[in-house]
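Dumped data.cif below, it's mmCIF, C-alpha atoms:
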```
data_work
loop_
_atom_site.label_atom_id
_atom_site.label_comp_id
_atom_site.auth_asym_id
_atom_site.auth_seq_id
_atom_site.Cartn_x
_atom_site.Cartn_y
_atom_site.Cartn_z
CA MET A 22 23.43 52.25 24.57
CA SER A 23 24.38 48.87 26.02
CA GLU A 24 26.12 46.21 24.05
CA THR A 25 24.34 42.93 23.53
CA SER A 26 26.08 39.69 22.84
CA PRO A 27 25.86 38.50 19.25
CA VAL A 28 23.43 35.70 18.51
CA GLN A 29 25.13 32.34 18.87
CA ARG A 30 25.18 30.68 15.49
CA ARG A 31 25.56 26.98 14.85
CA PRO A 32 28.79 25.87 13.20
CA SER A 33 28.58 25.74 9.42
CA GLY A 34 27.00 22.50 8.26
CA GLU A 35 25.73 21.41 11.68
CA LEU A 36 22.06 21.39 10.64
CA GLU A 37 22.80 19.50 7.44
CA ALA A 38 24.87 16.98 9.41
CA SER A 39 22.01 16.45 11.88
CA VAL A 40 19.48 15.93 9.11
CA LEU A 41 21.80 13.53 7.27
CA ALA A 42 22.39 11.59 10.50
CA ALA A 43 18.63 11.18 10.89
CA LEU A 44 18.33 9.90 7.31
CA TRP A 45 21.28 7.49 7.71
CA ALA A 46 19.71 6.05 10.87
CA ALA A 47 16.32 5.54 9.23
CA GLU A 48 15.24 2.26 7.68
CA GLY A 49 13.72 4.01 4.69
CA PRO A 50 12.87 7.40 3.20
CA LEU A 51 11.66 10.10 5.59
CA SER A 52 9.36 13.08 5.16
CA PRO A 53 10.40 16.46 6.57
CA ALA A 54 7.97 15.94 9.48
CA GLU A 55 9.55 12.56 10.25
CA VAL A 56 13.04 14.09 10.17
CA GLN A 57 11.82 16.85 12.47
CA SER A 58 10.39 14.27 14.86
CA THR A 59 13.63 12.27 14.80
CA LEU A 60 15.57 15.42 15.70
CA GLY A 61 13.34 15.97 18.72
CA ARG A 62 11.48 18.91 17.19
CA ARG A 63 14.44 21.21 17.87
CA LEU A 64 13.90 22.71 14.42
CA ALA A 65 10.81 24.06 12.70
CA ARG A 66 9.43 21.80 9.98
CA THR A 67 9.99 24.58 7.43
CA THR A 68 13.65 24.72 8.44
CA VAL A 69 13.97 20.95 8.01
CA THR A 70 12.29 21.19 4.60
CA THR A 71 14.72 23.94 3.56
CA ILE A 72 17.71 21.87 4.67
CA LEU A 73 16.43 18.79 2.83
CA THR A 74 15.84 20.85 -0.31
CA ARG A 75 19.40 22.23 -0.13
CA LEU A 76 20.81 18.74 0.40
CA HIS A 77 18.83 17.57 -2.63
CA HIS A 78 20.24 20.39 -4.78
CA LYS A 79 23.75 19.48 -3.59
CA GLY A 80 23.19 15.86 -4.61
CA ALA A 81 23.47 14.49 -1.06
CA VAL A 82 19.90 13.14 -0.88
CA SER A 83 17.33 11.86 -3.32
CA ARG A 84 13.65 12.63 -3.07
CA SER A 85 10.49 11.07 -4.36
CA ARG A 86 6.85 12.06 -4.30
CA ALA A 87 4.75 10.88 -1.40
CA GLY A 88 1.27 12.34 -1.55
CA ARG A 89 1.52 16.11 -1.81
CA GLY A 90 5.09 16.24 -0.53
CA PHE A 91 8.39 14.43 -0.77
CA VAL A 92 10.30 11.82 1.16
CA TYR A 93 14.08 11.89 1.27
CA SER A 94 16.85 9.28 1.31
CA PRO A 95 20.61 9.71 1.57
CA ILE A 96 22.49 8.98 -1.64
CA GLN A 97 25.75 8.04 0.08
CA ASP A 98 26.92 6.99 3.50
CA SER A 99 28.99 9.32 5.66
CA ALA A 100 32.32 8.17 4.18
CA GLY A 101 31.04 8.58 0.63
CA LEU A 102 29.78 12.07 1.37
CA ALA A 103 33.12 13.07 2.93
CA ALA A 104 34.95 11.76 -0.14
CA ARG A 105 32.62 13.69 -2.42
CA ARG A 106 33.20 16.88 -0.45
CA MET A 107 36.99 16.45 -0.56
CA ARG A 108 36.84 15.89 -4.32
CA SER A 109 34.63 18.95 -4.75
CA GLU A 110 37.10 21.12 -2.86
CA LEU A 111 40.00 19.74 -4.89
CA ASP A 112 38.13 20.45 -8.12
CA LYS A 113 37.92 24.13 -7.13
CA GLN A 114 41.72 24.48 -7.01
CA ASP A 115 43.76 25.85 -9.89
CA ASP A 116 46.91 24.22 -8.51
CA ARG A 117 45.81 20.68 -7.65
CA GLY A 118 49.36 19.56 -6.92
CA THR A 119 49.88 22.15 -4.20
CA ALA A 120 46.49 21.47 -2.67
CA LEU A 121 47.16 17.72 -2.58
CA ALA A 122 50.67 18.24 -1.22
CA ARG A 123 49.35 20.40 1.60
CA PHE A 124 46.62 17.89 2.38
CA VAL A 125 49.07 15.00 2.48
CA SER A 126 51.53 16.97 4.62
CA GLN A 127 48.85 17.35 7.28
CA LEU A 128 47.95 13.64 7.48
CA THR A 129 48.83 11.64 10.55
CA SER A 130 51.42 8.92 9.96
CA GLU A 131 48.64 6.31 10.23
CA ASP A 132 46.51 8.09 7.62
CA ALA A 133 49.52 8.53 5.35
CA GLN A 134 50.24 4.78 5.54
CA LEU A 135 46.59 3.98 4.83
CA LEU A 136 46.63 6.30 1.84
CA ARG A 137 49.81 4.62 0.54
CA SER A 138 48.18 1.21 0.92
CA LEU A 139 45.07 2.35 -0.93
CA LEU A 140 47.06 3.90 -3.76
CA GLU A 141 49.17 0.75 -4.09
CA GLY A 142 46.05 -1.38 -4.12
CA THR A 143 47.04 -3.30 -0.98
CA GLY A 144 44.73 -1.59 1.53
CA ASP A 145 41.24 -2.55 2.60
CA ARG A 146 38.67 -1.74 -0.02
CA THR A 147 35.00 -1.19 0.48
CA PRO A 148 32.35 -1.68 -2.22
CA GLU A 149 32.57 2.06 -2.83
CA GLY A 150 36.37 2.15 -2.48
CA PRO A 151 39.08 3.25 -4.87
CA GLN A 152 37.90 1.11 -7.75
CA ALA A 153 34.54 2.93 -7.74
CA CYS A 154 36.22 6.37 -8.02
CA PRO A 155 38.81 6.30 -10.78
CA ARG A 156 41.56 8.91 -10.76
CA PRO A 157 40.98 11.91 -13.04
CA GLY A 158 42.18 10.97 -16.48
CA ALA A 159 42.43 7.25 -15.68
CA GLY A 160 41.81 5.24 -18.80
CA THR A 161 42.13 8.20 -21.14
CA ALA A 162 44.83 8.87 -23.64
CA PRO A 163 47.49 11.46 -22.65
#
```
As structure tokens, please, write out the structure in this file.
Amino acid sequence: MSETSPVQRRPSGELEASVLAALWAAEGPLSPAEVQSTLGRRLARTTVTTILTRLHHKGAVSRSRAGRGFVYSPIQDSAGLAARRMRSELDKQDDRGTALARFVSQLTSEDAQLLRSLLEGTGDRTPEGPQACPRPGAGTAP
């Protein structure tokens, strides 16, 4: 029996990233067929619908009725989504201090300086910057 090469799989999250990129580039909500068209019909419409449904369940996109189906819009921009993912991963850790220490130890010197500036309140802030995402326990009694 001859060996066959394993099926080449896409990297984890590549399809979701492509669909989100199409939604971010759009001027308004898109249907699954419109997302498929934007992606150059590289994916079946049912695949696009599945990805959009998963993104909706993850809270990355909103959807609203349009006729018999739905149209989808991104809830956050790329930076907001990355921040949400980082927070989600941190929330899964039993030892938050170690996880944060390891994350910080892997930052470039430029990123470390930016993080210091943001934590000190002297860095650039965007409308969805640090003030929109309070630290866990901020404003609560010890």
re CA of Leu140 (chain A) and CA of Arg105 (chain A): distance 17.5 Å
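Distances to Ser94 (chain A) were evaluated for A:Val56, A:Ile72, A:Leu51, A:Ala43 using all atoms listed in the file, and the minimum falls at A:Leu51.
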Report as a compact mmCIF listing (two decimals) with C-alpha atoms, keeping the file's coordinate frame the residues that result from applying the PyMOL selection byres ((chain A and resi 35-41) around 9) to the structure here.
```
# COMPACT_ATOMS: atom_id res chain seq x y z
CA ARG A 31 25.56 26.98 14.85
CA PRO A 32 28.79 25.87 13.20
CA SER A 33 28.58 25.74 9.42
CA GLY A 34 27.00 22.50 8.26
CA ALA A 42 22.39 11.59 10.50
CA ALA A 43 18.63 11.18 10.89
CA LEU A 44 18.33 9.90 7.31
CA TRP A 45 21.28 7.49 7.71
CA ALA A 46 19.71 6.05 10.87
CA VAL A 56 13.04 14.09 10.17
CA GLN A 57 11.82 16.85 12.47
CA THR A 59 13.63 12.27 14.80
CA LEU A 60 15.57 15.42 15.70
CA VAL A 69 13.97 20.95 8.01
CA ILE A 72 17.71 21.87 4.67
CA LEU A 73 16.43 18.79 2.83
CA ARG A 75 19.40 22.23 -0.13
CA LEU A 76 20.81 18.74 0.40
CA ALA A 81 23.47 14.49 -1.06
CA VAL A 82 19.90 13.14 -0.88
CA SER A 94 16.85 9.28 1.31
CA PRO A 95 20.61 9.71 1.57
CA SER A 99 28.99 9.32 5.66
```
Mind pulling up the distance from CA of Glu110 (chain A) to CA of Pro50 (chain A)? 28.5 Å
Expanded to explicit residues, what is the PyMOL selection byres ((chain A and resi 85) around 12) for this file, as a VMD selection string? chain A and resid 49 to 52 74 77 82 to 84 86 to 95
Write to file, as a PDB file, in the coordinates of the input, the residues of the selection just made, with C-alpha atoms.
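Final file, part.pdb:
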```pdb
ATOM      1  CA  GLY A  49      13.720   4.010   4.690  1.00  0.00           C
ATOM      2  CA  PRO A  50      12.870   7.400   3.200  1.00  0.00           C
ATOM      3  CA  LEU A  51      11.660  10.100   5.590  1.00  0.00           C
ATOM      4  CA  SER A  52       9.360  13.080   5.160  1.00  0.00           C
ATOM      5  CA  THR A  74      15.840  20.850  -0.310  1.00  0.00           C
ATOM      6  CA  HIS A  77      18.830  17.570  -2.630  1.00  0.00           C
ATOM      7  CA  VAL A  82      19.900  13.140  -0.880  1.00  0.00           C
ATOM      8  CA  SER A  83      17.330  11.860  -3.320  1.00  0.00           C
ATOM      9  CA  ARG A  84      13.650  12.630  -3.070  1.00  0.00           C
ATOM     10  CA  ARG A  86       6.850  12.060  -4.300  1.00  0.00           C
ATOM     11  CA  ALA A  87       4.750  10.880  -1.400  1.00  0.00           C
ATOM     12  CA  GLY A  88       1.270  12.340  -1.550  1.00  0.00           C
ATOM     13  CA  ARG A  89       1.520  16.110  -1.810  1.00  0.00           C
ATOM     14  CA  GLY A  90       5.090  16.240  -0.530  1.00  0.00           C
ATOM     15  CA  PHE A  91       8.390  14.430  -0.770  1.00  0.00           C
ATOM     16  CA  VAL A  92      10.300  11.820   1.160  1.00  0.00           C
ATOM     17  CA  TYR A  93      14.080  11.890   1.270  1.00  0.00           C
ATOM     18  CA  SER A  94      16.850   9.280   1.310  1.00  0.00           C
ATOM     19  CA  PRO A  95      20.610   9.710   1.570  1.00  0.00           C
TER      20      PRO A  95
END
```
What's the separation between CA of Ala103 (chain A) and CA of Arg62 (chain A), in Å to one decimal place? 26.6 Å
Just checking: using all atoms listed in the file, which residue out of A:Ala104, A:Leu111, A:Asp98, A:Thr143 ends up closest to Phe124 (chain A)? A:Leu111
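The closest residue to Leu102 (chain A), picked from A:Gly142, A:Gly61, A:Gly80, A:Pro53 and counting only C-alpha atoms, is A:Gly80.
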Calculated over only C-alpha atoms, which of the candidates A:Lys79, A:Thr70, A:Arg123, A:Lys113 has the smallest distance to Glu55 (chain A)? A:Thr70
Reconstruct N, CA and C atoms of region 44-68 of chain A; output as a short mmCIF file (atom, residue, chain, number, x, y, z; two decimals), in the frame of the given file.
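After the write, part12.cif holds the following:
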```cif
data_model
loop_
_atom_site.label_atom_id
_atom_site.label_comp_id
_atom_site.auth_asym_id
_atom_site.auth_seq_id
_atom_site.Cartn_x
_atom_site.Cartn_y
_atom_site.Cartn_z
N LEU A 44 18.63 10.70 8.50
CA LEU A 44 18.33 9.90 7.31
C LEU A 44 19.15 8.61 7.29
N TRP A 45 20.43 8.69 7.69
CA TRP A 45 21.28 7.49 7.71
C TRP A 45 20.76 6.47 8.72
N ALA A 46 20.20 6.95 9.82
CA ALA A 46 19.71 6.05 10.87
C ALA A 46 18.36 5.43 10.53
N ALA A 47 17.66 6.01 9.58
CA ALA A 47 16.32 5.54 9.23
C ALA A 47 16.38 4.26 8.39
N GLU A 48 15.32 3.51 8.46
CA GLU A 48 15.24 2.26 7.68
C GLU A 48 14.67 2.49 6.28
N GLY A 49 14.28 3.69 6.00
CA GLY A 49 13.72 4.01 4.69
C GLY A 49 13.61 5.51 4.54
N PRO A 50 13.01 5.96 3.44
CA PRO A 50 12.87 7.40 3.20
C PRO A 50 12.05 8.07 4.31
N LEU A 51 12.37 9.34 4.57
CA LEU A 51 11.66 10.10 5.59
C LEU A 51 11.10 11.39 5.01
N SER A 52 9.94 11.79 5.51
CA SER A 52 9.36 13.08 5.16
C SER A 52 10.01 14.15 6.06
N PRO A 53 9.87 15.41 5.70
CA PRO A 53 10.40 16.46 6.57
C PRO A 53 9.84 16.38 8.00
N ALA A 54 8.57 16.06 8.14
CA ALA A 54 7.97 15.94 9.48
C ALA A 54 8.59 14.79 10.26
N GLU A 55 8.91 13.69 9.57
CA GLU A 55 9.55 12.56 10.25
C GLU A 55 10.98 12.90 10.66
N VAL A 56 11.69 13.65 9.81
CA VAL A 56 13.04 14.09 10.17
C VAL A 56 12.95 15.01 11.38
N GLN A 57 12.01 15.92 11.36
CA GLN A 57 11.82 16.85 12.47
C GLN A 57 11.55 16.08 13.76
N SER A 58 10.71 15.08 13.69
CA SER A 58 10.39 14.27 14.86
C SER A 58 11.63 13.52 15.36
N THR A 59 12.41 12.98 14.44
CA THR A 59 13.63 12.27 14.80
C THR A 59 14.62 13.19 15.51
N LEU A 60 14.65 14.45 15.10
CA LEU A 60 15.57 15.42 15.70
C LEU A 60 15.03 15.99 17.01
N GLY A 61 13.89 15.50 17.46
CA GLY A 61 13.34 15.97 18.72
C GLY A 61 12.65 17.32 18.61
N ARG A 62 12.20 17.65 17.44
CA ARG A 62 11.48 18.91 17.19
C ARG A 62 12.27 20.15 17.61
N ARG A 63 13.61 20.05 17.55
CA ARG A 63 14.44 21.21 17.87
C ARG A 63 14.40 22.24 16.75
N LEU A 64 13.97 21.83 15.57
CA LEU A 64 13.90 22.71 14.42
C LEU A 64 12.47 22.79 13.91
N ALA A 65 12.13 23.93 13.33
CA ALA A 65 10.81 24.06 12.70
C ALA A 65 10.76 23.16 11.47
N ARG A 66 9.58 22.68 11.14
CA ARG A 66 9.43 21.80 9.98
C ARG A 66 9.86 22.53 8.71
N THR A 67 9.58 23.82 8.62
CA THR A 67 9.99 24.58 7.43
C THR A 67 11.51 24.64 7.31
N THR A 68 12.19 24.72 8.45
CA THR A 68 13.65 24.72 8.44
C THR A 68 14.17 23.37 7.95
#
```
